[in-house]
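J.: Following this line is work29.pdb, made up of PDB, C-alpha atoms:
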```
ATOM      1  CA  MET B   1      16.926   4.436   4.697
ATOM      2  CA  ARG B   2      18.565   2.734   7.647
ATOM      3  CA  LEU B   3      16.399   2.592  10.741
ATOM      4  CA  GLN B   4      17.906   3.204  14.147
ATOM      5  CA  LYS B   5      17.593   0.547  16.814
ATOM      6  CA  ASN B   6      15.042   2.634  18.729
ATOM      7  CA  THR B   7      12.870   2.868  15.637
ATOM      8  CA  SER B   8      12.893  -0.887  15.123
ATOM      9  CA  LEU B   9      12.019  -1.396  18.786
ATOM     10  CA  ALA B  10       9.151   1.063  18.436
ATOM     11  CA  LEU B  11       7.805  -0.799  15.400
ATOM     12  CA  TYR B  12       7.985  -4.158  17.202
ATOM     13  CA  SER B  13       6.237  -2.660  20.218
ATOM     14  CA  VAL B  14       3.481  -0.823  18.362
ATOM     15  CA  ILE B  15       2.645  -3.935  16.341
ATOM     16  CA  GLU B  16       2.463  -5.951  19.571
ATOM     17  CA  PHE B  17       0.140  -3.382  21.153
ATOM     18  CA  ALA B  18      -2.046  -3.021  18.054
ATOM     19  CA  ALA B  19      -2.530  -6.798  17.842
ATOM     20  CA  ASP B  20      -4.670  -6.592  20.985
ATOM     21  CA  PRO B  21      -5.586  -2.976  21.759
ATOM     22  CA  ALA B  22      -7.594  -3.872  24.858
ATOM     23  CA  ARG B  23      -4.688  -5.638  26.527
ATOM     24  CA  HIS B  24      -2.149  -3.886  28.712
ATOM     25  CA  VAL B  25       1.309  -5.114  27.761
ATOM     26  CA  SER B  26       4.270  -4.507  30.009
ATOM     27  CA  ALA B  27       7.614  -3.242  28.766
ATOM     28  CA  ALA B  28       9.225  -6.307  30.372
ATOM     29  CA  GLU B  29       7.058  -8.650  28.282
ATOM     30  CA  ILE B  30       8.056  -7.005  25.015
ATOM     31  CA  ALA B  31      11.688  -6.730  26.090
ATOM     32  CA  ALA B  32      11.770 -10.470  26.842
ATOM     33  CA  LYS B  33      10.031 -11.387  23.572
ATOM     34  CA  TYR B  34      12.454  -9.435  21.415
ATOM     35  CA  GLY B  35      15.550  -9.951  23.543
ATOM     36  CA  VAL B  36      16.207  -6.288  24.342
ATOM     37  CA  SER B  37      16.899  -4.336  27.500
ATOM     38  CA  ALA B  38      13.722  -3.302  29.362
ATOM     39  CA  HIS B  39      15.467  -0.093  30.388
ATOM     40  CA  HIS B  40      16.196   0.785  26.759
ATOM     41  CA  LEU B  41      12.661  -0.121  25.721
ATOM     42  CA  ALA B  42      11.132   2.073  28.455
ATOM     43  CA  LYS B  43      12.555   5.171  26.786
ATOM     44  CA  VAL B  44      11.099   4.108  23.421
ATOM     45  CA  LEU B  45       7.672   3.477  24.942
ATOM     46  CA  SER B  46       7.777   6.803  26.683
ATOM     47  CA  ASP B  47       8.381   8.505  23.299
ATOM     48  CA  LEU B  48       5.479   6.553  21.778
ATOM     49  CA  ALA B  49       3.238   7.654  24.648
ATOM     50  CA  ARG B  50       4.252  11.289  24.140
ATOM     51  CA  ALA B  51       3.342  10.909  20.442
ATOM     52  CA  GLY B  52      -0.115   9.646  21.449
ATOM     53  CA  ILE B  53       0.344   6.231  19.850
ATOM     54  CA  VAL B  54       0.234   4.303  23.138
ATOM     55  CA  GLU B  55      -0.760   5.195  26.685
ATOM     56  CA  SER B  56       0.700   3.968  29.898
ATOM     57  CA  VAL B  57      -1.571   2.287  32.394
ATOM     58  CA  ARG B  58      -0.370   2.397  35.986
ATOM     59  CA  GLY B  59      -1.001  -0.021  38.820
ATOM     60  CA  ALA B  60      -1.350  -3.786  39.010
ATOM     61  CA  GLY B  61      -1.777  -5.254  35.529
ATOM     62  CA  GLY B  62      -0.503  -1.980  34.143
ATOM     63  CA  GLY B  63       1.730  -1.479  31.172
ATOM     64  CA  TYR B  64       0.968   0.106  27.862
ATOM     65  CA  ARG B  65      -1.897  -0.141  25.420
ATOM     66  CA  PHE B  66      -2.453   0.997  21.852
ATOM     67  CA  THR B  67      -4.505   4.163  21.425
ATOM     68  CA  GLY B  68      -4.112   4.823  17.695
ATOM     69  CA  ASN B  69      -6.269   3.788  14.753
ATOM     70  CA  ALA B  70      -4.679   0.663  13.284
ATOM     71  CA  ARG B  71      -6.420   1.216   9.948
ATOM     72  CA  ARG B  72      -4.950   4.697   9.611
ATOM     73  CA  LEU B  73      -1.608   4.700  11.425
ATOM     74  CA  THR B  74       1.208   3.722   9.069
ATOM     75  CA  LEU B  75       4.678   2.391   9.739
ATOM     76  CA  LEU B  76       5.990   5.761   8.539
ATOM     77  CA  ASP B  77       3.948   7.572  11.215
ATOM     78  CA  VAL B  78       5.765   5.510  13.844
ATOM     79  CA  ILE B  79       9.151   5.920  12.163
ATOM     80  CA  ARG B  80       8.764   9.714  12.062
ATOM     81  CA  VAL B  81       8.576   9.804  15.859
ATOM     82  CA  PHE B  82      12.174   8.599  15.989
ATOM     83  CA  GLU B  83      13.803   9.619  12.711
ATOM     84  CA  ASP B  84      14.239  12.951  10.998
ATOM     85  CA  LEU B  85      13.414  12.110   7.393
ATOM     86  CA  GLY B  86      13.926  15.569   5.929
ATOM     87  CA  PRO B  87      16.623  16.077   3.276
ATOM     88  CA  ALA B  88      18.729  18.098   5.735
ATOM     89  CA  ALA B  89      18.894  15.086   8.050
ATOM     90  CA  THR B  90      21.134  13.105   5.701
ATOM     91  CA  ARG B  91      24.636  12.786   7.072
ATOM     92  CA  ARG B  92      27.106  15.093   5.324
ATOM     93  CA  GLU B  93      29.963  13.282   3.673
ATOM     94  CA  SER B  94      33.175  14.542   2.156
ATOM     95  CA  GLY B  95      33.037  14.435  -1.603
ATOM     96  CA  GLU B  96      29.311  14.950  -1.851
ATOM     97  CA  ALA B  97      29.790  18.267  -3.690
ATOM     98  CA  THR B  98      31.661  16.476  -6.495
ATOM     99  CA  PRO B  99      29.811  15.209  -9.602
ATOM    100  CA  VAL B 100      30.240  11.614  -8.347
ATOM    101  CA  GLY B 101      28.961  12.577  -4.899
ATOM    102  CA  MET B 102      25.980  14.398  -6.357
ATOM    103  CA  ALA B 103      25.122  11.485  -8.645
ATOM    104  CA  LEU B 104      25.335   9.034  -5.741
ATOM    105  CA  ARG B 105      23.151  11.318  -3.668
ATOM    106  CA  LEU B 106      20.565  11.298  -6.449
ATOM    107  CA  VAL B 107      20.472   7.485  -6.416
ATOM    108  CA  GLN B 108      20.288   7.409  -2.595
ATOM    109  CA  SER B 109      17.455   9.898  -2.683
ATOM    110  CA  GLU B 110      15.541   7.686  -5.141
ATOM    111  CA  ILE B 111      15.934   4.717  -2.791
ATOM    112  CA  ASP B 112      14.828   6.803   0.214
ATOM    113  CA  GLU B 113      11.721   8.055  -1.566
ATOM    114  CA  ILE B 114      10.682   4.498  -2.443
ATOM    115  CA  ALA B 115      11.318   3.410   1.154
ATOM    116  CA  LYS B 116       9.187   6.279   2.477
ATOM    117  CA  ALA B 117       6.359   5.441   0.065
ATOM    118  CA  THR B 118       6.500   1.806   1.193
ATOM    119  CA  PHE B 119       6.459   2.586   4.918
ATOM    120  CA  GLY B 120       3.815   5.252   4.356
ATOM    121  CA  SER B 121       1.440   2.880   2.593
ATOM    122  CA  ILE B 122       1.466   0.069   5.147
ATOM    123  CA  THR B 123      -0.968   0.581   8.004
ATOM    124  CA  LEU B 124      -0.703  -1.350  11.241
ATOM    125  CA  ALA B 125      -3.848  -3.281  10.265
ATOM    126  CA  THR B 126      -2.161  -4.369   7.023
ATOM    127  CA  MET B 127       0.998  -5.192   8.959
ATOM    128  CA  LEU B 128      -0.933  -7.398  11.380
ATOM    129  CA  ARG B 129      -2.377  -9.377   8.473
ATOM    130  CA  LEU B 130       1.139  -9.743   7.084
ATOM    131  CA  VAL B 131       2.329 -11.004  10.466
ATOM    132  CA  GLU B 132      -0.471 -13.601  10.514
ATOM    133  CA  ARG B 133       0.675 -14.958   7.171
ATOM    134  CA  GLN B 134       4.221 -15.617   8.402
ATOM    135  CA  PRO B 135       5.221 -19.171   9.318
ATOM    136  CA  PRO B 136       5.516 -19.836  13.055
ATOM    137  CA  PRO B 137       9.057 -19.513  14.440
ATOM    138  CA  PRO B 138      10.985 -22.784  14.657
ATOM    139  CA  ARG B 139      10.566 -24.513  17.998
ATOM    140  CA  ARG B 140      13.594 -24.415  20.240
ATOM    141  CA  SER B 141      15.510 -27.634  20.566
ATOM    142  CA  ALA B 142      14.457 -29.714  23.600
ATOM    143  CA  SER B 143      17.965 -31.126  24.030
ATOM    144  CA  ARG B 144      18.942 -28.505  26.644
ATOM    145  CA  LYS B 145      17.471 -29.279  30.020
ATOM    146  CA  PRO B 146      16.520 -26.414  32.323
ATOM    147  CA  GLY B 147      18.903 -25.751  35.176
ATOM    148  CA  ARG B 148      21.980 -26.868  33.304
TER     149      ARG B 148
ATOM    150  CA  MET I   1      -8.843   8.564 -11.547
ATOM    151  CA  THR I   2      -6.347   6.777  -9.431
ATOM    152  CA  ARG I   3      -3.518   5.768 -11.699
ATOM    153  CA  ALA I   4      -0.118   6.718 -13.169
ATOM    154  CA  ALA I   5       3.511   6.346 -12.373
ATOM    155  CA  GLY I   6       5.158   5.374  -9.124
ATOM    156  CA  ALA I   7       5.311   2.194  -7.139
ATOM    157  CA  THR I   8       4.285  -1.057  -8.810
ATOM    158  CA  ASN I   9       2.332  -3.512  -6.707
ATOM    159  CA  LYS I  10       1.201  -7.005  -7.456
ATOM    160  CA  VAL I  11      -0.759  -9.735  -5.797
ATOM    161  CA  ARG I  12      -1.525 -13.331  -6.617
ATOM    162  CA  VAL I  13      -5.160 -13.527  -7.651
ATOM    163  CA  ARG I  14      -6.700 -15.181  -4.628
ATOM    164  CA  ARG I  15     -10.171 -16.668  -4.773
ATOM    165  CA  PRO I  16     -12.594 -14.838  -2.488
ATOM    166  CA  PRO I  17     -14.865 -16.899  -0.242
ATOM    167  CA  GLY I  18     -18.153 -17.876  -1.853
ATOM    168  CA  GLY I  19     -17.079 -17.622  -5.497
ATOM    169  CA  ALA I  20     -18.719 -15.255  -7.955
ATOM    170  CA  ALA I  21     -20.679 -15.062 -11.183
ATOM    171  CA  GLY I  22     -22.046 -12.189 -13.281
ATOM    172  CA  ALA I  23     -23.049  -9.229 -11.157
ATOM    173  CA  ARG I  24     -21.812  -9.699  -7.598
ATOM    174  CA  ALA I  25     -23.776  -8.733  -4.524
ATOM    175  CA  VAL I  26     -21.160  -7.451  -2.109
ATOM    176  CA  ALA I  27     -20.829  -4.871   0.687
ATOM    177  CA  SER I  28     -24.375  -4.260   1.918
ATOM    178  CA  GLY I  29     -26.611  -3.264  -0.971
ATOM    179  CA  ILE I  30     -23.764  -2.861  -3.458
ATOM    180  CA  VAL I  31     -23.739  -4.799  -6.712
ATOM    181  CA  VAL I  32     -20.641  -4.800  -8.906
ATOM    182  CA  ARG I  33     -21.547  -5.054 -12.603
ATOM    183  CA  PRO I  34     -20.151  -4.057 -16.013
ATOM    184  CA  ALA I  35     -20.440  -0.327 -16.739
ATOM    185  CA  ARG I  36     -23.296   0.925 -18.927
ATOM    186  CA  ARG I  37     -23.424   4.126 -20.955
ATOM    187  CA  ALA I  38     -25.679   5.708 -18.323
ATOM    188  CA  ASP I  39     -22.875   5.199 -15.757
ATOM    189  CA  LEU I  40     -20.493   7.440 -17.654
ATOM    190  CA  ASP I  41     -21.706  10.745 -16.184
ATOM    191  CA  PRO I  42     -21.507   9.564 -12.550
ATOM    192  CA  VAL I  43     -18.074   8.012 -13.210
ATOM    193  CA  ILE I  44     -16.860  11.299 -14.719
ATOM    194  CA  ALA I  45     -18.307  13.133 -11.706
ATOM    195  CA  ILE I  46     -16.491  10.863  -9.218
ATOM    196  CA  ASP I  47     -13.223  11.323 -11.111
ATOM    197  CA  ARG I  48     -13.746  15.108 -11.238
ATOM    198  CA  THR I  49     -14.437  15.231  -7.495
ATOM    199  CA  VAL I  50     -11.299  13.264  -6.692
ATOM    200  CA  THR I  51      -8.852  14.720  -9.232
ATOM    201  CA  GLY I  52     -10.325  18.179  -9.782
ATOM    202  CA  LEU I  53     -10.266  17.621 -13.557
ATOM    203  CA  GLU I  54     -13.132  16.767 -15.879
ATOM    204  CA  LYS I  55     -11.835  14.458 -18.614
ATOM    205  CA  ARG I  56     -14.997  13.782 -20.579
ATOM    206  CA  ASP I  57     -13.299  12.823 -23.877
ATOM    207  CA  TYR I  58     -10.918  10.527 -22.056
ATOM    208  CA  TRP I  59     -13.763   8.744 -20.270
ATOM    209  CA  ARG I  60     -15.756   8.332 -23.463
ATOM    210  CA  SER I  61     -12.702   6.717 -25.018
ATOM    211  CA  VAL I  62     -12.231   4.447 -21.982
ATOM    212  CA  PHE I  63     -15.874   3.441 -22.138
ATOM    213  CA  ARG I  64     -15.627   2.562 -25.844
ATOM    214  CA  ARG I  65     -12.557   0.429 -25.273
ATOM    215  CA  TYR I  66     -13.282  -1.176 -21.911
ATOM    216  CA  ALA I  67     -17.030  -1.465 -21.404
ATOM    217  CA  GLY I  68     -18.810  -4.430 -22.849
ATOM    218  CA  GLY I  69     -18.379  -7.279 -20.475
ATOM    219  CA  GLY I  70     -14.729  -8.132 -20.588
ATOM    220  CA  LYS I  71     -14.025  -8.648 -24.277
ATOM    221  CA  SER I  72     -10.297  -9.218 -24.829
ATOM    222  CA  GLY I  73      -9.787  -9.319 -21.070
ATOM    223  CA  ARG I  74     -10.843  -5.659 -20.669
ATOM    224  CA  GLN I  75     -12.989  -4.703 -17.699
ATOM    225  CA  PHE I  76     -14.862  -1.556 -16.752
ATOM    226  CA  LEU I  77     -16.972  -2.291 -13.687
ATOM    227  CA  VAL I  78     -19.054  -0.089 -11.430
ATOM    228  CA  ALA I  79     -20.339  -0.530  -7.897
ATOM    229  CA  ASP I  80     -24.089   0.078  -8.065
ATOM    230  CA  ALA I  81     -25.672   1.211  -4.793
ATOM    231  CA  GLY I  82     -29.409   1.182  -5.413
ATOM    232  CA  GLY I  83     -29.075   2.754  -8.845
ATOM    233  CA  ASN I  84     -26.273   5.157  -7.875
ATOM    234  CA  VAL I  85     -22.679   4.617  -8.966
ATOM    235  CA  ALA I  86     -20.609   4.375  -5.780
ATOM    236  CA  GLY I  87     -17.318   3.627  -7.509
ATOM    237  CA  PHE I  88     -15.608   2.052 -10.480
ATOM    238  CA  VAL I  89     -12.648  -0.072 -11.459
ATOM    239  CA  ILE I  90     -10.957  -0.485 -14.837
ATOM    240  CA  GLY I  91      -8.396  -3.001 -15.930
ATOM    241  CA  GLU I  92      -7.302  -5.476 -18.530
ATOM    242  CA  VAL I  93      -5.239  -8.580 -19.087
ATOM    243  CA  ARG I  94      -1.856  -7.698 -20.572
ATOM    244  CA  ASP I  95       0.284 -10.273 -22.319
ATOM    245  CA  TRP I  96       4.046 -10.594 -22.194
ATOM    246  CA  GLU I  97       4.949  -7.004 -21.430
ATOM    247  CA  PHE I  98       8.704  -7.022 -20.897
ATOM    248  CA  GLY I  99       8.610 -10.795 -20.605
ATOM    249  CA  SER I 100       5.874 -10.936 -17.968
ATOM    250  CA  PRO I 101       3.413 -13.801 -18.408
ATOM    251  CA  PRO I 102      -0.174 -12.603 -18.945
ATOM    252  CA  CYS I 103      -1.420 -10.778 -15.865
ATOM    253  CA  GLY I 104      -4.304  -8.567 -14.831
ATOM    254  CA  TRP I 105      -3.684  -4.829 -14.639
ATOM    255  CA  VAL I 106      -5.847  -2.474 -12.620
ATOM    256  CA  PHE I 107      -5.231   1.014 -13.926
ATOM    257  CA  GLY I 108      -8.119   2.913 -12.392
ATOM    258  CA  ILE I 109     -10.176   2.558  -9.238
ATOM    259  CA  ASP I 110     -12.115   5.107  -7.246
ATOM    260  CA  VAL I 111     -14.953   5.336  -4.779
ATOM    261  CA  ARG I 112     -17.252   8.298  -4.229
ATOM    262  CA  PRO I 113     -15.724  10.096  -1.211
ATOM    263  CA  GLY I 114     -18.934   9.910   0.829
ATOM    264  CA  MET I 115     -19.103   6.139   0.371
ATOM    265  CA  ARG I 116     -15.578   5.203   1.380
ATOM    266  CA  LEU I 117     -14.655   2.906   4.273
ATOM    267  CA  ALA I 118     -17.707   0.748   3.523
ATOM    268  CA  GLY I 119     -16.005  -2.013   1.545
ATOM    269  CA  VAL I 120     -16.878  -0.637  -1.907
ATOM    270  CA  GLY I 121     -13.260  -0.566  -3.107
ATOM    271  CA  THR I 122     -12.676  -4.049  -1.710
ATOM    272  CA  SER I 123     -15.747  -5.315  -3.592
ATOM    273  CA  LEU I 124     -14.641  -3.686  -6.845
ATOM    274  CA  LEU I 125     -11.148  -5.136  -6.590
ATOM    275  CA  ALA I 126     -12.491  -8.588  -5.685
ATOM    276  CA  ALA I 127     -14.862  -8.482  -8.683
ATOM    277  CA  ILE I 128     -12.201  -7.530 -11.211
ATOM    278  CA  CYS I 129      -9.785 -10.090  -9.738
ATOM    279  CA  GLU I 130     -12.452 -12.767 -10.138
ATOM    280  CA  ARG I 131     -12.867 -11.822 -13.808
ATOM    281  CA  PHE I 132      -9.099 -11.861 -14.322
ATOM    282  CA  ARG I 133      -8.967 -15.275 -12.719
ATOM    283  CA  ARG I 134     -11.636 -16.539 -15.100
ATOM    284  CA  SER I 135      -9.471 -15.186 -17.939
ATOM    285  CA  GLY I 136      -6.759 -17.559 -16.733
ATOM    286  CA  VAL I 137      -4.305 -15.167 -15.090
ATOM    287  CA  GLN I 138      -2.816 -15.708 -11.661
ATOM    288  CA  THR I 139      -1.433 -12.265 -10.868
ATOM    289  CA  VAL I 140      -2.839  -8.762 -10.758
ATOM    290  CA  ARG I 141      -0.746  -5.587 -10.820
ATOM    291  CA  THR I 142      -1.273  -1.897 -10.509
ATOM    292  CA  MET I 143       0.849   1.246 -10.481
ATOM    293  CA  LEU I 144       0.410   4.369  -8.413
ATOM    294  CA  ALA I 145       2.095   7.644  -7.670
ATOM    295  CA  ARG I 146       4.342   7.285  -4.621
ATOM    296  CA  ASP I 147       2.541  10.124  -2.857
ATOM    297  CA  ASN I 148      -0.906   8.587  -3.356
ATOM    298  CA  THR I 149      -0.773   7.071   0.108
ATOM    299  CA  LEU I 150      -4.537   6.647   0.431
ATOM    300  CA  VAL I 151      -4.884   4.310  -2.531
ATOM    301  CA  LEU I 152      -1.471   2.720  -1.960
ATOM    302  CA  SER I 153      -2.667   1.831   1.548
ATOM    303  CA  PHE I 154      -5.872   0.418   0.113
ATOM    304  CA  PHE I 155      -4.030  -1.911  -2.272
ATOM    305  CA  ARG I 156      -1.632  -2.900   0.517
ATOM    306  CA  SER I 157      -4.593  -3.737   2.739
ATOM    307  CA  GLN I 158      -5.812  -6.090   0.003
ATOM    308  CA  GLY I 159      -2.542  -8.032   0.172
ATOM    309  CA  MET I 160      -0.597  -6.339  -2.617
ATOM    310  CA  MET I 161       3.171  -6.104  -2.255
ATOM    311  CA  ALA I 162       5.901  -4.587  -4.429
ATOM    312  CA  GLY I 163       6.201  -6.561  -7.642
ATOM    313  CA  PRO I 164       9.267  -7.609  -9.618
ATOM    314  CA  PHE I 165       9.095  -4.597 -11.956
ATOM    315  CA  ILE I 166      10.370  -1.080 -11.353
ATOM    316  CA  PRO I 167       8.686   1.818 -13.141
ATOM    317  CA  LEU I 168      11.121   4.229 -14.764
ATOM    318  CA  GLU I 169      10.554   7.464 -16.594
ATOM    319  CA  MET I 170      12.480  10.257 -18.255
ATOM    320  CA  ASP I 171      11.749  13.877 -18.950
ATOM    321  CA  LEU I 172      11.821  14.131 -22.753
ATOM    322  CA  GLY I 173      12.241  17.900 -22.554
ATOM    323  CA  ASN I 174      15.437  17.506 -20.556
ATOM    324  CA  ASP I 175      18.548  18.461 -22.569
ATOM    325  CA  ASP I 176      20.798  16.194 -20.500
ATOM    326  CA  ALA I 177      18.569  13.160 -21.179
ATOM    327  CA  ALA I 178      18.451  13.931 -24.893
ATOM    328  CA  ALA I 179      22.252  14.279 -24.991
ATOM    329  CA  ALA I 180      22.654  11.004 -23.099
ATOM    330  CA  GLN I 181      20.438   9.251 -25.659
ATOM    331  CA  ARG I 182      22.610  10.578 -28.462
ATOM    332  CA  GLY I 183      25.665   9.378 -26.594
ATOM    333  CA  GLU I 184      27.034  12.904 -26.241
ATOM    334  CA  PRO I 185      28.954  14.208 -23.225
ATOM    335  CA  ARG I 186      27.197  16.910 -21.223
TER     336      ARG I 186
END
```
Output the file's structure as structure tokens, nothing else.
T.:
Amino acid sequence: MRLQKNTSLALYSVIEFAADPARHVSAAEIAAKYGVSAHHLAKVLSDLARAGIVESVRGAGGGYRFTGNARRLTLLDVIRVFEDLGPAATRRESGEATPVGMALRLVQSEIDEIAKATFGSITLATMLRLVERQPPPPRRSASRKPGR
Amino acid sequence: MTRAAGATNKVRVRRPPGGAAGARAVASGIVVRPARRADLDPVIAIDRTVTGLEKRDYWRSVFRRYAGGGKSGRQFLVADAGGNVAGFVIGEVRDWEFGSPPCGWVFGIDVRPGMRLAGVGTSLLAAICERFRRSGVQTVRTMLARDNTLVLSFFRSQGMMAGPFIPLEMDLGNDDAAAAQRGEPR
């Protein structure tokens, strides 16, 4: 299973929101943190809002906040908003009707099923604990002076 | 009972805060202790409620082999909530399966549906992990059906990740598999 860029952005965003559900986080803040275009991210957040996973808060200090249940919502729930995971969604390739193609498809299907089970068993609450256990990112070198 | 083929998960046996000994007082009013014969009926009832099947002979056999306070690394524990069985966990230490150093295996865990989300499963898993640790093992594993997302999520929430083993199976009634074993073309 290869996730589209929008799906990855959605996962980054939802995990950020779920880390502090009371806080309103702006699209610009997440875009800056993950080095992506705020315009691109806005579309992703809008899809998440339509799915009821986040809600937009207007006005000063506005942004988005998490509205789901972090102990119940899984990574797969988020992925499904952006990806069609049904068998018909797999890209058709020439040669897939041959014995080799069918055998390869069987192997690919096995991998996809394991991936779905993995994403479907990890809730956002579990993911947040996993994030906490990660080492802090390396500090940027101080050799570059601002303004240069 | 929650068990059978699918994804394999493992976790390093981490020591819970506060240590443990004998019966453990855990999530409010729950005590995890070795199963007694009188627990068998409620355990069978929990399993029947969850799976829809009553497996009385199977459970009697499990009780004979696994109850008795962890002889040979075998564990059959129940969560006792004021005299009522709220859940159970079963496991054992397995040695050198396919080259794996001795590790704890949890092959059954369940909590009465009305008592879920109260830390009973967490207490059961912590108790069996503590017993495994005292047996000298550093890793605990389990195996679940891929579509058992509820229990998979529970084990994930306890820190379990995919382990280094992949479960495989074969349909023995499948003519193609039998032919492949005999080295015959299809």
J.: Spell out the residues picked by the PyMOL selection byres ((chain B) within 12 of (chain I)) here, as a ChimeraX atom specification.
T.: /B:70-76,110-133
J.: List as a ChimeraX atom specification the residues having at least one atom at most 8 Å from position (-11.1, 1.8, -9.9) as given in the file, counting all atoms listed in the file.
T.: /I:1-2,87-90,106-111,121,124-125
J.: Please identify all polymer residues lying at most 12 Å from the point (-21.0, -1.6, -18.5) (file coordinates), using only C-alpha atoms, and present the result as a PyMOL selection string.
T.: chain I and resi 22-23+32-40+43+62-71+74-80+85+88-90
J.: Do you have the atom CA of I:Val140-atom CA of B:Ile15 distance handy?
T.: 28.1 Å
J.: For the structure provided, state which residues fall under the PyMOL selection byres ((chain B and resi 42) around 12), and present them as a PyMOL selection string.
T.: chain B and resi 6+9-10+13+26-31+36-41+43-49+56+63-64
J.: In Å to one decimal, how far is atom CA of B:Tyr12 from atom CA of B:Val25?
T.: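 Between these atoms lies a distance of 12.5 Å.
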J.: So how far away is atom CA of I:Pro164 from atom CA of B:Val100, in Å?
T.: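 It comes out at 28.5 Å.
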J.: For this file, the PyMOL selection byres ((chain I and resi 94-100) around 10) selects which residues, as a VMD selection string?
T.: chain I and resid 72 to 74 91 to 93 101 to 105 137 140 164 to 165
J.: I need the residues from that last selection saved to file as a short mmCIF file (atom, residue, chain, number, x, y, z; two decimals), in the coordinates of the input (with C-alpha atoms), if you can.
T.:
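What ended up in part_25.cif:
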```cif
data_model
loop_
_atom_site.label_atom_id
_atom_site.label_comp_id
_atom_site.auth_asym_id
_atom_site.auth_seq_id
_atom_site.Cartn_x
_atom_site.Cartn_y
_atom_site.Cartn_z
CA SER I 72 -10.30 -9.22 -24.83
CA GLY I 73 -9.79 -9.32 -21.07
CA ARG I 74 -10.84 -5.66 -20.67
CA GLY I 91 -8.40 -3.00 -15.93
CA GLU I 92 -7.30 -5.48 -18.53
CA VAL I 93 -5.24 -8.58 -19.09
CA PRO I 101 3.41 -13.80 -18.41
CA PRO I 102 -0.17 -12.60 -18.94
CA CYS I 103 -1.42 -10.78 -15.86
CA GLY I 104 -4.30 -8.57 -14.83
CA TRP I 105 -3.68 -4.83 -14.64
CA VAL I 137 -4.30 -15.17 -15.09
CA VAL I 140 -2.84 -8.76 -10.76
CA PRO I 164 9.27 -7.61 -9.62
CA PHE I 165 9.10 -4.60 -11.96
#
```
J.: Can you take the partial stretch 105-116 of chain B, add N, CA and C atoms, and return it as a PDB file, keeping the file's coordinate frame?
T.:
```
ATOM      1  N   ARG B 105      24.209  10.772  -4.517  1.00  0.00           N
ATOM      2  CA  ARG B 105      23.151  11.318  -3.668  1.00  0.00           C
ATOM      3  C   ARG B 105      21.792  11.211  -4.361  1.00  0.00           C
ATOM      4  N   LEU B 106      21.802  11.404  -5.670  1.00  0.00           N
ATOM      5  CA  LEU B 106      20.565  11.298  -6.449  1.00  0.00           C
ATOM      6  C   LEU B 106      20.006   9.873  -6.361  1.00  0.00           C
ATOM      7  N   VAL B 107      20.895   8.893  -6.491  1.00  0.00           N
ATOM      8  CA  VAL B 107      20.472   7.485  -6.416  1.00  0.00           C
ATOM      9  C   VAL B 107      19.954   7.173  -5.009  1.00  0.00           C
ATOM     10  N   GLN B 108      20.696   7.658  -3.982  1.00  0.00           N
ATOM     11  CA  GLN B 108      20.288   7.409  -2.595  1.00  0.00           C
ATOM     12  C   GLN B 108      18.923   8.028  -2.315  1.00  0.00           C
ATOM     13  N   SER B 109      18.732   9.209  -2.895  1.00  0.00           N
ATOM     14  CA  SER B 109      17.455   9.898  -2.683  1.00  0.00           C
ATOM     15  C   SER B 109      16.305   9.109  -3.308  1.00  0.00           C
ATOM     16  N   GLU B 110      16.565   8.514  -4.485  1.00  0.00           N
ATOM     17  CA  GLU B 110      15.541   7.686  -5.141  1.00  0.00           C
ATOM     18  C   GLU B 110      15.172   6.507  -4.239  1.00  0.00           C
ATOM     19  N   ILE B 111      16.186   5.870  -3.678  1.00  0.00           N
ATOM     20  CA  ILE B 111      15.934   4.717  -2.791  1.00  0.00           C
ATOM     21  C   ILE B 111      15.131   5.161  -1.565  1.00  0.00           C
ATOM     22  N   ASP B 112      15.518   6.310  -0.984  1.00  0.00           N
ATOM     23  CA  ASP B 112      14.828   6.803   0.214  1.00  0.00           C
ATOM     24  C   ASP B 112      13.362   7.118  -0.069  1.00  0.00           C
ATOM     25  N   GLU B 113      13.104   7.703  -1.235  1.00  0.00           N
ATOM     26  CA  GLU B 113      11.721   8.055  -1.566  1.00  0.00           C
ATOM     27  C   GLU B 113      10.863   6.796  -1.706  1.00  0.00           C
ATOM     28  N   ILE B 114      11.429   5.757  -2.310  1.00  0.00           N
ATOM     29  CA  ILE B 114      10.682   4.498  -2.443  1.00  0.00           C
ATOM     30  C   ILE B 114      10.440   3.894  -1.054  1.00  0.00           C
ATOM     31  N   ALA B 115      11.472   3.962  -0.207  1.00  0.00           N
ATOM     32  CA  ALA B 115      11.318   3.410   1.154  1.00  0.00           C
ATOM     33  C   ALA B 115      10.214   4.157   1.902  1.00  0.00           C
ATOM     34  N   LYS B 116      10.210   5.491   1.776  1.00  0.00           N
ATOM     35  CA  LYS B 116       9.187   6.279   2.477  1.00  0.00           C
ATOM     36  C   LYS B 116       7.788   5.932   1.963  1.00  0.00           C
TER      37      LYS B 116
END
```
